[in-house]
Structures are given as C-alpha cells and as structure tokens.
Amino acid sequence: MRIDSPTRRLPRETVVPMINVGFLLLIFFLMVAVIVPPPPFEITPPQSETKQPAELNSPLYLSASGELAWGEARGEAVFDGLASVAGPESQQPLTLVADGQAKGAEVARLLSRLAGLGFARVELAVMP
Amino acid sequence: MIDVVFLLLVFFMLTARFGGYQAAPVALGGGAGEWQGPPRLVTVGPDRLALNGEPIALSELSQALRPLLPDAAAPVVVRSEEDATLQRVMQVMDALRENGIATLVLAE
C-alpha cells in the first residue's frame, strides 16, 4: 500500500510580515514625499545655515549659466508671466531657486528687477 | 495586491525629495525708508571682502559693522562683484546673520 506523502502547504504567515513592512514603507514615503515638478535644468542651490523650510509654489529658477525659467516660460518671457502675478495682493513670497555657481551680481540684478515688478518679498532657496 | 503596494512604494521612493530646500529671506532694495547712519556697503569678491571700500577679513566683518548700525534692524548693503558666485555671497550673508545682522540688501 502506498501512502501519498502529505502535500506540504506553504505557510502563509511568512508573507504577512513582508506585506506589513511594505505598507509601512509605503505610508512612510506617502508622508514624506513632496511631489514637485523637477527643475527645468540641473540646479544646486547654495549652502546656507538658514533653518526655514521653503515653500515651492511656482518658483523662479536661475541656472548657473544665467538661464531663467518660471513655469513654462523661459528666458525673458518669465518677466511677462511674473508681472501678472506680482502686486500688493500677492502676499506669498516668490521663491528664487538659483544655482550656487550663478553669479552673485546676476542674482542682484534679478532681485532688483523683481522689486521693480512689484514683488514685496523674495526668498532664496538654499540647501542645509 | 502586494505588487501594487510595491509599485506604489517604488513610485514614491523615486519621486520623493528629501529635506527639500530651505529659504533665506532677502530684502529687496528700494521702497525702504530713509537711510539711517553711516554707509554700510559690503563688497563681496571671489576671495576678497571690503567694507566701505576697505579690505577686511570675514571673521572681522561683523565686529566692524556693529558700530555702524544705528539699530539692530538697520540694513546692510551687500554688493557682489561680477565674478563672485552666489555661494560666496551666501557664505558672507550667513556669517552676518549668525552675528545678528539680519537685514541684508543684495544690490548690484
């Protein structure tokens, strides 16, 4: 007489901790993720000791070689777009994300031009 | 379902941006009130510094600026030379902020 060897069933329990860890990581990333459209060009902001989180709602980008980008606009066209949102009613500061290797004088020129457009507050994005 | 969980996990891992940026407020020139006290112009070069035209070391800058400030919130004009990078300007501005000189106007 032959007795079938008992079919071995995979214990389901070993999968459960893995799913738990998967969910844990998923929730972790959901919490910490800040989904922002990537900058139009490679930008490494300057390093600074400032401890104040930046709000990145439609920032103005300035690359190391002096290219400008704001939303879809590039180059000189950004000022047309910015002029439409500037004004005393714009309480939110404009965030300027400039490369650390950009020329300081160019940033200064840009800032005075933004002041001329009517921006009251400008914040410079920096890396800790 | 596990596949979907892992897919979402990978998606968030790839799109997440950790830490994010910090923000340094910069004062905009113009629109401010009348200039008070003696001139305070810090000129930043790639490897040199000058206060009102006199060369000065970064470590002595805040010390030298303090007597020139009529009050703590008085502005200091930081002017970048053409070949100085923004990183260099931020380094100088950081050093001033650390010493309580917070109103910095970046000028051309």
# chains A, B, ... in the order shown; residues from 1 in each chain; ligands from 1

call {"tool": "select_by_dssp", "arguments": {"residues": "segment 21-62 of chain B", "states": "strand (DSSP E or B)", "output": "ChimeraX atom specification"}}
result
/B:22-27,41-44,49-51,54-55

call {"tool": "write_last_selection", "arguments": {"atoms": "N, CA and C atoms", "output": "short mmCIF file (atom, residue, chain, number, x, y, z; two decimals), in the first residue's frame"}}
result
data_model
loop_
_atom_site.label_atom_id
_atom_site.label_comp_id
_atom_site.auth_asym_id
_atom_site.auth_seq_id
_atom_site.Cartn_x
_atom_site.Cartn_y
_atom_site.Cartn_z
N GLN B 22 15.62 74.93 1.94
CA GLN B 22 15.34 75.91 2.98
C GLN B 22 15.26 77.26 2.28
N ALA B 23 14.68 78.22 2.99
CA ALA B 23 14.51 79.52 2.37
C ALA B 23 15.25 80.59 3.16
N ALA B 24 16.02 81.38 2.48
CA ALA B 24 16.69 82.51 3.10
C ALA B 24 16.00 83.77 2.59
N PRO B 25 15.39 84.55 3.47
CA PRO B 25 14.75 85.78 3.01
C PRO B 25 15.78 86.80 2.57
N VAL B 26 15.51 87.48 1.48
CA VAL B 26 16.41 88.55 1.05
C VAL B 26 15.58 89.83 0.96
N ALA B 27 16.14 90.89 1.48
CA ALA B 27 15.46 92.18 1.41
C ALA B 27 15.65 92.74 0.01
N LEU B 41 28.42 99.31 3.23
CA LEU B 41 28.46 98.60 1.95
C LEU B 41 29.52 97.50 2.04
N VAL B 42 29.05 96.27 1.93
CA VAL B 42 29.97 95.13 1.94
C VAL B 42 30.13 94.66 0.50
N THR B 43 31.35 94.74 -0.01
CA THR B 43 31.60 94.29 -1.37
C THR B 43 32.20 92.88 -1.32
N VAL B 44 31.56 91.96 -2.01
CA VAL B 44 31.98 90.57 -1.97
C VAL B 44 32.65 90.21 -3.29
N LEU B 49 37.00 90.63 0.44
CA LEU B 49 35.85 91.29 1.05
C LEU B 49 36.25 92.73 1.33
N ALA B 50 35.29 93.62 1.21
CA ALA B 50 35.60 95.00 1.55
C ALA B 50 34.39 95.61 2.24
N LEU B 51 34.66 96.38 3.28
CA LEU B 51 33.60 97.13 3.96
C LEU B 51 33.84 98.60 3.64
N GLU B 54 37.20 99.36 2.15
CA GLU B 54 38.40 98.93 2.86
C GLU B 54 38.42 97.40 2.93
N PRO B 55 39.49 96.76 2.47
CA PRO B 55 39.56 95.30 2.57
C PRO B 55 39.46 94.84 4.02
#

call {"tool": "residues_around", "arguments": {"residues": "Asp80 of chain A", "least_positions_apart": "3", "cutoff": "12 Å", "atoms": "only C-alpha atoms", "output": "PDB file with C-alpha atoms, in the first residue's frame"}}
result
ATOM      1  CA  ALA A  69      12.637  79.532 -16.036  1.00  0.00           C
ATOM      2  CA  TRP A  70       9.271  80.107 -14.435  1.00  0.00           C
ATOM      3  CA  GLY A  71       6.532  77.597 -15.125  1.00  0.00           C
ATOM      4  CA  GLU A  72       6.528  77.063 -18.869  1.00  0.00           C
ATOM      5  CA  ALA A  73       8.235  80.360 -19.612  1.00  0.00           C
ATOM      6  CA  ARG A  74      11.948  80.562 -20.393  1.00  0.00           C
ATOM      7  CA  GLY A  75      14.361  83.457 -20.668  1.00  0.00           C
ATOM      8  CA  GLU A  76      12.996  86.980 -20.840  1.00  0.00           C
ATOM      9  CA  ALA A  77       9.431  85.663 -21.121  1.00  0.00           C
ATOM     10  CA  ALA A  83       4.371  90.740 -13.859  1.00  0.00           C
ATOM     11  CA  SER A  84       0.858  89.280 -13.976  1.00  0.00           C
ATOM     12  CA  VAL A  85       1.160  87.687 -10.532  1.00  0.00           C
ATOM     13  CA  ALA A  86       3.140  90.463  -8.845  1.00  0.00           C
ATOM     14  CA  ARG A 113      14.116  93.646 -11.465  1.00  0.00           C
ATOM     15  CA  LEU A 114      11.669  91.614  -9.385  1.00  0.00           C
ATOM     16  CA  LEU A 117       7.792  94.308 -10.943  1.00  0.00           C
TER      17      LEU A 117
END

call {"tool": "select_by_dssp", "arguments": {"residues": "chain B", "states": "alpha helix (DSSP H)", "output": "count of residues only"}}
result
35

call {"tool": "residues_around", "arguments": {"residues": "Ala74 of chain B", "least_positions_apart": "5", "cutoff": "8 Å", "atoms": "only C-alpha atoms", "output": "MDAnalysis selection string"}}
result
chainID B and resid 36 69 103

call {"tool": "interface_residues", "arguments": {"of": "chain B", "to": "chain A", "cutoff": "6 Å", "atoms": "only C-alpha atoms", "output": "count of residues only"}}
result
19

call {"tool": "closest_residue", "arguments": {"among": "B:Val105, B:Met90, B:Leu61, B:Met1", "to": "Pro46 of chain B", "atoms": "only C-alpha atoms"}}
result
B:Met90
